[in-house]
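Asker: Got coords.csv for you, CSV, C-alpha atoms:
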```csv
chain,number,residue,atom,x,y,z
A,23,ARG,CA,13.5,12.3,-1.6
A,24,LYS,CA,16.4,10.9,-3.7
A,25,GLU,CA,15.4,8.4,-6.3
A,26,VAL,CA,18.0,5.9,-5.1
A,27,GLU,CA,19.3,6.1,-1.5
A,28,GLN,CA,22.2,4.3,0.1
A,29,ASP,CA,24.0,4.4,3.5
A,30,PRO,CA,27.3,6.2,2.6
A,31,GLY,CA,29.2,4.3,5.2
A,32,PRO,CA,32.1,3.8,5.6
A,33,PHE,CA,31.9,0.2,6.6
A,34,ASN,CA,35.1,-0.9,8.1
A,35,VAL,CA,35.4,-4.7,8.4
A,36,PRO,CA,38.2,-7.2,8.9
A,37,GLU,CA,39.2,-9.7,6.3
A,38,GLY,CA,36.9,-12.7,6.2
A,39,ALA,CA,33.9,-10.8,7.5
A,40,THR,CA,30.5,-10.8,5.9
A,41,VAL,CA,29.1,-7.4,5.1
A,42,ALA,CA,25.7,-6.3,3.7
A,43,PHE,CA,24.6,-3.1,2.0
A,44,ASN,CA,21.1,-1.9,1.4
A,45,CYS,CA,19.7,0.5,-1.1
A,46,THR,CA,16.1,1.9,-1.4
A,47,TYR,CA,14.5,3.3,-4.4
A,48,SER,CA,11.5,5.5,-4.6
A,49,ASN,CA,10.2,4.9,-8.2
A,50,SER,CA,8.0,1.9,-8.1
A,51,ALA,CA,8.2,1.8,-11.9
A,52,SER,CA,11.9,1.0,-11.8
A,53,GLN,CA,12.5,-2.2,-13.7
A,54,SER,CA,16.2,-3.0,-13.6
A,55,PHE,CA,18.7,-2.8,-10.9
A,56,PHE,CA,22.5,-3.2,-10.7
A,57,TRP,CA,25.4,-2.9,-8.3
A,58,TYR,CA,28.5,-1.1,-9.6
A,59,ARG,CA,31.9,-0.9,-8.0
A,60,GLN,CA,34.0,2.2,-8.1
A,61,ASP,CA,37.6,2.3,-7.0
A,62,CYS,CA,39.1,5.6,-5.9
A,63,ARG,CA,39.4,8.1,-8.7
A,64,LYS,CA,38.3,5.5,-11.3
A,65,GLU,CA,35.2,4.9,-13.4
A,66,PRO,CA,32.4,2.7,-12.1
A,67,LYS,CA,32.3,-0.9,-13.4
A,68,LEU,CA,29.4,-3.3,-13.3
A,69,LEU,CA,29.6,-5.8,-10.4
A,70,MET,CA,26.3,-7.6,-11.0
A,71,SER,CA,22.8,-7.2,-12.1
A,72,VAL,CA,20.0,-7.8,-9.6
A,73,TYR,CA,17.3,-10.3,-10.4
A,74,SER,CA,13.9,-10.6,-8.8
A,75,SER,CA,14.7,-14.1,-7.6
A,76,GLY,CA,18.0,-13.1,-6.2
A,77,ASN,CA,21.3,-14.0,-7.7
A,78,GLU,CA,24.8,-15.0,-6.6
A,79,ASP,CA,28.2,-14.6,-8.2
A,80,GLY,CA,30.9,-16.2,-6.1
A,81,ARG,CA,31.1,-14.4,-2.8
A,82,PHE,CA,28.5,-11.8,-3.8
A,83,THR,CA,24.8,-12.2,-3.4
A,84,ALA,CA,22.2,-9.6,-4.6
A,85,GLN,CA,18.6,-9.5,-3.6
A,86,LEU,CA,15.6,-7.4,-4.7
A,87,ASN,CA,12.5,-6.8,-2.6
A,88,ARG,CA,9.9,-5.1,-4.8
A,89,ALA,CA,7.3,-4.8,-2.1
A,90,SER,CA,9.6,-2.8,0.2
A,91,GLN,CA,11.5,-1.2,-2.7
A,92,TYR,CA,15.0,-2.1,-1.7
A,93,ILE,CA,17.9,-4.1,-3.0
A,94,SER,CA,20.8,-5.5,-1.1
A,95,LEU,CA,24.3,-6.7,-1.7
A,96,LEU,CA,26.0,-9.3,0.6
A,97,ILE,CA,29.7,-9.9,0.4
A,98,ARG,CA,31.0,-13.0,2.2
A,99,ASP,CA,34.6,-13.7,3.2
A,100,SER,CA,35.7,-10.1,2.5
A,101,LYS,CA,39.1,-9.5,0.9
A,102,LEU,CA,41.3,-6.5,1.0
A,103,SER,CA,40.7,-6.1,-2.7
A,104,ASP,CA,37.0,-5.6,-2.0
A,105,SER,CA,37.7,-2.1,-0.6
A,106,ALA,CA,35.9,0.3,-2.9
A,107,THR,CA,32.6,2.2,-3.2
A,108,TYR,CA,29.6,0.2,-4.1
A,109,LEU,CA,27.0,2.0,-6.2
A,110,CYS,CA,23.3,1.0,-6.3
A,111,VAL,CA,21.7,1.7,-9.7
A,112,GLY,CA,18.1,1.7,-10.7
A,113,GLY,CA,16.7,1.8,-14.2
A,114,SER,CA,13.5,3.8,-14.3
A,115,MET,CA,11.2,5.1,-17.0
A,116,PHE,CA,10.9,8.6,-18.4
A,117,SER,CA,7.5,9.8,-19.5
A,118,GLY,CA,8.7,9.4,-23.1
A,119,GLY,CA,9.1,5.7,-22.6
A,120,TYR,CA,12.8,5.7,-22.4
A,121,ASN,CA,14.9,4.3,-19.5
A,122,LYS,CA,17.5,6.1,-17.5
A,123,LEU,CA,20.0,4.8,-15.1
A,124,ILE,CA,20.0,6.5,-11.7
A,125,PHE,CA,22.9,6.0,-9.4
A,126,GLY,CA,22.9,6.1,-5.6
A,127,ALA,CA,25.6,8.1,-3.8
A,128,GLY,CA,27.5,4.9,-3.0
A,129,THR,CA,28.5,3.0,0.1
A,130,ARG,CA,32.2,2.9,1.0
A,131,LEU,CA,33.7,-0.4,2.1
A,132,ALA,CA,37.1,-0.6,3.8
A,133,VAL,CA,38.5,-4.1,4.5
A,134,HIS,CA,41.4,-4.2,6.9
A,135,PRO,CA,43.9,-7.0,7.7
B,27,ASN,CA,38.6,-2.7,-28.2
B,28,ALA,CA,38.7,0.9,-27.0
B,29,GLY,CA,35.2,1.0,-25.4
B,30,VAL,CA,34.3,4.5,-24.2
B,31,THR,CA,36.9,7.2,-24.7
B,32,GLN,CA,36.8,10.6,-23.1
B,33,THR,CA,39.0,13.5,-23.7
B,34,PRO,CA,40.6,15.5,-22.2
B,35,LYS,CA,41.4,13.6,-18.9
B,36,PHE,CA,42.1,16.9,-17.0
B,37,ARG,CA,41.3,20.5,-17.6
B,38,ILE,CA,41.4,23.8,-15.8
B,39,LEU,CA,39.0,26.5,-17.0
B,40,LYS,CA,38.6,30.1,-16.0
B,41,ILE,CA,35.2,31.4,-15.0
B,42,GLY,CA,33.2,32.2,-18.1
B,43,GLN,CA,35.2,30.1,-20.5
B,44,SER,CA,33.7,27.4,-22.7
B,45,MET,CA,34.8,24.0,-23.5
B,46,THR,CA,33.6,20.7,-25.0
B,47,LEU,CA,34.1,17.4,-23.3
B,48,GLN,CA,34.5,14.7,-26.0
B,49,CYS,CA,33.1,11.2,-25.7
B,50,THR,CA,33.1,8.5,-28.3
B,51,GLN,CA,32.3,4.8,-28.1
B,52,ASP,CA,33.0,2.0,-30.6
B,53,MET,CA,30.5,-0.6,-29.4
B,54,ASN,CA,27.6,0.6,-31.5
B,55,HIS,CA,25.5,1.3,-28.3
B,56,ASN,CA,22.3,3.2,-28.7
B,57,TYR,CA,22.2,4.7,-25.2
B,58,MET,CA,24.8,7.3,-24.0
B,59,TYR,CA,24.9,9.3,-20.8
B,60,TRP,CA,26.8,12.1,-19.2
B,61,TYR,CA,27.2,12.1,-15.4
B,62,ARG,CA,29.0,14.4,-13.0
B,63,GLN,CA,30.4,13.2,-9.7
B,64,ASP,CA,31.3,15.7,-7.0
B,65,PRO,CA,33.8,14.8,-4.4
B,66,GLY,CA,32.4,12.1,-2.0
B,67,MET,CA,29.1,12.0,-3.9
B,68,GLY,CA,27.3,9.8,-6.3
B,69,LEU,CA,26.8,10.2,-10.0
B,70,LYS,CA,24.2,12.7,-11.2
B,71,LEU,CA,22.8,12.4,-14.7
B,72,ILE,CA,23.3,15.5,-16.8
B,73,TYR,CA,22.0,14.5,-20.2
B,74,TYR,CA,21.3,11.3,-22.0
B,75,SER,CA,20.6,10.1,-25.5
B,76,VAL,CA,18.7,7.0,-26.7
B,77,GLY,CA,20.1,7.3,-30.3
B,78,ALA,CA,21.5,9.6,-32.9
B,79,GLY,CA,19.5,12.8,-33.1
B,80,ILE,CA,17.7,12.2,-29.7
B,81,THR,CA,18.8,13.8,-26.5
B,82,ASP,CA,17.1,14.6,-23.2
B,83,LYS,CA,17.7,16.3,-19.9
B,84,GLY,CA,18.7,14.4,-16.8
B,85,GLU,CA,18.7,15.5,-13.2
B,86,VAL,CA,21.2,18.4,-13.5
B,87,PRO,CA,21.2,19.8,-17.1
B,88,ASN,CA,21.6,23.5,-16.3
B,89,GLY,CA,24.8,25.0,-17.7
B,90,TYR,CA,25.3,22.2,-20.2
B,91,ASN,CA,24.4,21.2,-23.7
B,92,VAL,CA,24.8,18.1,-25.7
B,93,SER,CA,24.4,16.8,-29.3
B,94,ARG,CA,24.2,13.3,-30.8
B,95,SER,CA,24.8,13.6,-34.5
B,96,THR,CA,26.3,10.1,-34.8
B,97,THR,CA,25.9,6.9,-32.8
B,98,GLU,CA,29.5,7.0,-31.7
B,99,ASP,CA,29.9,10.5,-30.4
B,100,PHE,CA,28.2,12.4,-27.6
B,101,PRO,CA,30.0,15.6,-26.7
B,102,LEU,CA,29.1,17.7,-23.7
B,103,ARG,CA,29.4,21.5,-24.0
B,104,LEU,CA,29.9,24.0,-21.1
B,105,GLU,CA,29.2,27.5,-22.4
B,106,LEU,CA,30.0,29.7,-19.4
B,107,ALA,CA,32.0,27.8,-16.9
B,108,ALA,CA,31.2,28.4,-13.2
B,109,PRO,CA,33.0,27.1,-10.1
B,110,SER,CA,30.0,25.0,-9.3
B,111,GLN,CA,30.8,22.9,-12.4
B,112,THR,CA,34.1,21.8,-10.9
B,113,SER,CA,33.6,18.0,-10.9
B,114,VAL,CA,34.6,14.7,-12.5
B,115,TYR,CA,32.6,14.0,-15.6
B,116,PHE,CA,31.9,10.5,-16.8
B,117,CYS,CA,30.5,9.5,-20.1
B,118,ALA,CA,28.8,6.1,-20.4
B,119,SER,CA,27.1,4.0,-23.0
B,120,SER,CA,24.9,0.9,-23.0
B,121,TYR,CA,23.1,-1.2,-25.6
B,122,SER,CA,19.9,-0.7,-23.6
B,123,THR,CA,18.9,-0.2,-20.0
B,124,GLY,CA,17.3,-3.6,-19.5
B,125,ARG,CA,18.1,-6.1,-16.8
B,126,ASN,CA,21.2,-7.7,-18.3
B,127,THR,CA,22.6,-4.6,-19.8
B,128,GLU,CA,26.0,-3.3,-18.6
B,129,ALA,CA,26.8,0.4,-18.9
B,130,PHE,CA,30.4,1.0,-19.8
B,131,PHE,CA,32.1,4.2,-18.6
B,132,GLY,CA,34.9,6.3,-19.9
B,133,GLN,CA,37.8,7.1,-17.5
B,134,GLY,CA,36.4,10.5,-16.7
B,135,THR,CA,37.4,14.1,-17.2
B,136,ARG,CA,38.5,16.0,-14.1
B,137,LEU,CA,37.4,19.6,-14.6
B,138,THR,CA,38.4,22.5,-12.3
B,139,VAL,CA,36.9,26.0,-12.8
B,140,VAL,CA,38.8,28.8,-11.1
```
Spell out the structure here as structure tokens.
Answerer:
Amino acid sequence: RKEVEQDPGPFNVPEGATVAFNCTYSNSASQSFFWYRQDCRKEPKLLMSVYSSGNEDGRFTAQLNRASQYISLLIRDSKLSDSATYLCVGGSMFSGGYNKLIFGAGTRLAVHP
Amino acid sequence: NAGVTQTPKFRILKIGQSMTLQCTQDMNHNYMYWYRQDPGMGLKLIYYSVGAGITDKGEVPNGYNVSRSTTEDFPLRLELAAPSQTSVYFCASSYSTGRNTEAFFGQGTRLTVV
């Protein structure tokens, strides 16, 4: 089983729609979680960290459910510029005590007029 | 502020050739990573480093080597290139991997092995 799993999509939505992505992680020791955005043929960039209590940044809301080991990203009022691949990231521990960042395969979002 | 710089941006290698992908960061970050991304796929961790002189294997280390002699530099070495190593390679760095830490990525190196 992959350590971080996402639905690859694509999600095709009209402008103004609300869309939600889920991501599951298998390592219960994972301590930190993030959503990154990757545009076509570009490097990933941090969209937002995910806090246990949930957090919001403008039109974006991230949630963490430790009991079920999943995180989610909600995008409200989708814009054409939101079209990208969204990568779920979990930070988990190596046996040596160091953290590593594990990326999911990404969920593609296409917003159309 | 340059951030994370990778060179070269593009490279075509013949099977069996070697090359070094360069990565340097000017943010004084302790953690550095090498990922590869195959077409339509996510990022897979090749190697990572938590500080100068310390490196460790990630998920897909076979066929690669790294070194971390300074905080700034984290080169990735391919000794005997194979077609399976055709991919986009991303170097990244972060201050830590805690909750509020952002990983910064270089622009990637597109490698084709023929």
Asker: Which residue is closest to Leu47 (chain B)? Choose from B:Ala118, B:Leu137, B:Leu71, B:Ile80 and count only C-alpha atoms.
Answerer: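 Nearest candidate to Leu47 (chain B) out of B:Ala118, B:Leu137, B:Leu71, B:Ile80: B:Leu137.
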Asker: I want to know what sits within 9 Å of region 120-135 of chain A, based on all atoms listed in the file, with residues of the same chain fewer than 2 positions away left out; could you give that as a VMD selection string?
Answerer: (chain A and resid 24 to 39 41 43 to 45 47 52 54 to 55 58 to 60 100 to 118) or (chain B and resid 59 66 to 71 74 76 84 122 to 124 129)
Asker: At a cut-off of 10 Å, using all atoms listed in the file, what residues contact Lys83 (chain B)? Leave out same-chain residues fewer than 5 positions from it and give the result as a PyMOL selection string.
Answerer: chain B and resi 71-75+88+90-92
Asker: Rounded to one decimal place, report the CA of Gln43 (chain B)-CA of Cys62 (chain A) distance in Å.
Answerer: 28.8 Å
Asker: Considering only C-alpha atoms, return as a ChimeraX atom specification whatever protein or nucleic-acid residues lie within 6 Å of Gly134 (chain B), sequence-local ones (same chain, fewer than 2 positions apart) excluded.
Answerer: /B:115-116,132
Asker: Just the number, please: distance in Å from CA of Gln63 (chain B) to CA of Leu68 (chain A), one decimal.
Answerer: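 Pair CA of Gln63 (chain B) / CA of Leu68 (chain A) returns 16.9 Å.
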Asker: Within 6 Å of (36.8, 10.2, -21.3) in the file's own coordinates, which protein, DNA or RNA residues have an atom, counting all atoms listed in the file? List them as an mmCIF file with C-alpha atoms, keeping the file's coordinate frame.
Answerer:
```
data_model
loop_
_atom_site.group_PDB
_atom_site.id
_atom_site.type_symbol
_atom_site.label_atom_id
_atom_site.label_comp_id
_atom_site.auth_asym_id
_atom_site.auth_seq_id
_atom_site.Cartn_x
_atom_site.Cartn_y
_atom_site.Cartn_z
ATOM 1 C CA THR B 31 36.900 7.200 -24.700
ATOM 2 C CA GLN B 32 36.800 10.600 -23.100
ATOM 3 C CA THR B 33 39.000 13.500 -23.700
ATOM 4 C CA CYS B 49 33.100 11.200 -25.700
ATOM 5 C CA GLY B 132 34.900 6.300 -19.900
ATOM 6 C CA GLN B 133 37.800 7.100 -17.500
ATOM 7 C CA GLY B 134 36.400 10.500 -16.700
ATOM 8 C CA THR B 135 37.400 14.100 -17.200
#
```
Asker: I'd like the contact shell of Pro65 (chain B) - 10 Å cut-off, all atoms listed in the file, skipping same-chain residues fewer than 6 positions apart - returned as a tab-separated table (two decimals) with C-alpha atoms, in the frame of the given file.
Answerer:
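part33.tsv was written with the following content:
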```tsv
chain	number	residue	atom	x	y	z
A	63	ARG	CA	39.40	8.10	-8.70
B	112	THR	CA	34.10	21.80	-10.90
B	113	SER	CA	33.60	18.00	-10.90
B	114	VAL	CA	34.60	14.70	-12.50
```
Asker: Of the candidates A:Ile97, A:Gln85, A:Gln53, A:Gly80, which shows the shortest atom-to-atom distance to chain B, using all atoms listed in the file?
Answerer: A:Gln53
Asker: Please determine, counting only C-alpha atoms, which residue among A:Ala42, A:Ser50, A:Val72, A:Asp61 has the shortest atom-to-atom distance to Thr127 (chain B).
Answerer: A:Val72
Asker: What does the distance between CA of Asn77 (chain A) and CA of Arg98 (chain A) come to in Å, to one decimal place?
Answerer: 13.9 Å
Asker: When you look at Ala107 (chain B) with a cut-off of 10 Å (counting all atoms listed in the file), what residues show up, excluding the ones that are within fewer than 2 positions of it in the same chain? I need them as a ChimeraX atom specification.
Answerer: /B:39-45,89-90,103-105,109-112,138-140
Asker: Rank A:Thr40, A:Asn87, A:Ser74, A:Thr46 by their smallest atom-to-atom distance to chain B, using only C-alpha atoms, and report the top residue only.
Answerer: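 Closest residue, counting only C-alpha atoms: A:Ser74.
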Asker: Which residue, B:Asp52, B:Met58, B:Pro34, B:Asp99, has the smallest gap to chain A when you use all atoms listed in the file?
Answerer: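 Going through B:Asp52, B:Met58, B:Pro34, B:Asp99 one by one, the smallest distance to chain A is for B:Met58.
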Asker: Which residue is closest to chain A? Choose from B:Lys35, B:Pro101, B:Asn54, B:Ser95 and count all atoms listed in the file.
Answerer: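 Among B:Lys35, B:Pro101, B:Asn54, B:Ser95, it is B:Lys35 that comes nearest to chain A.
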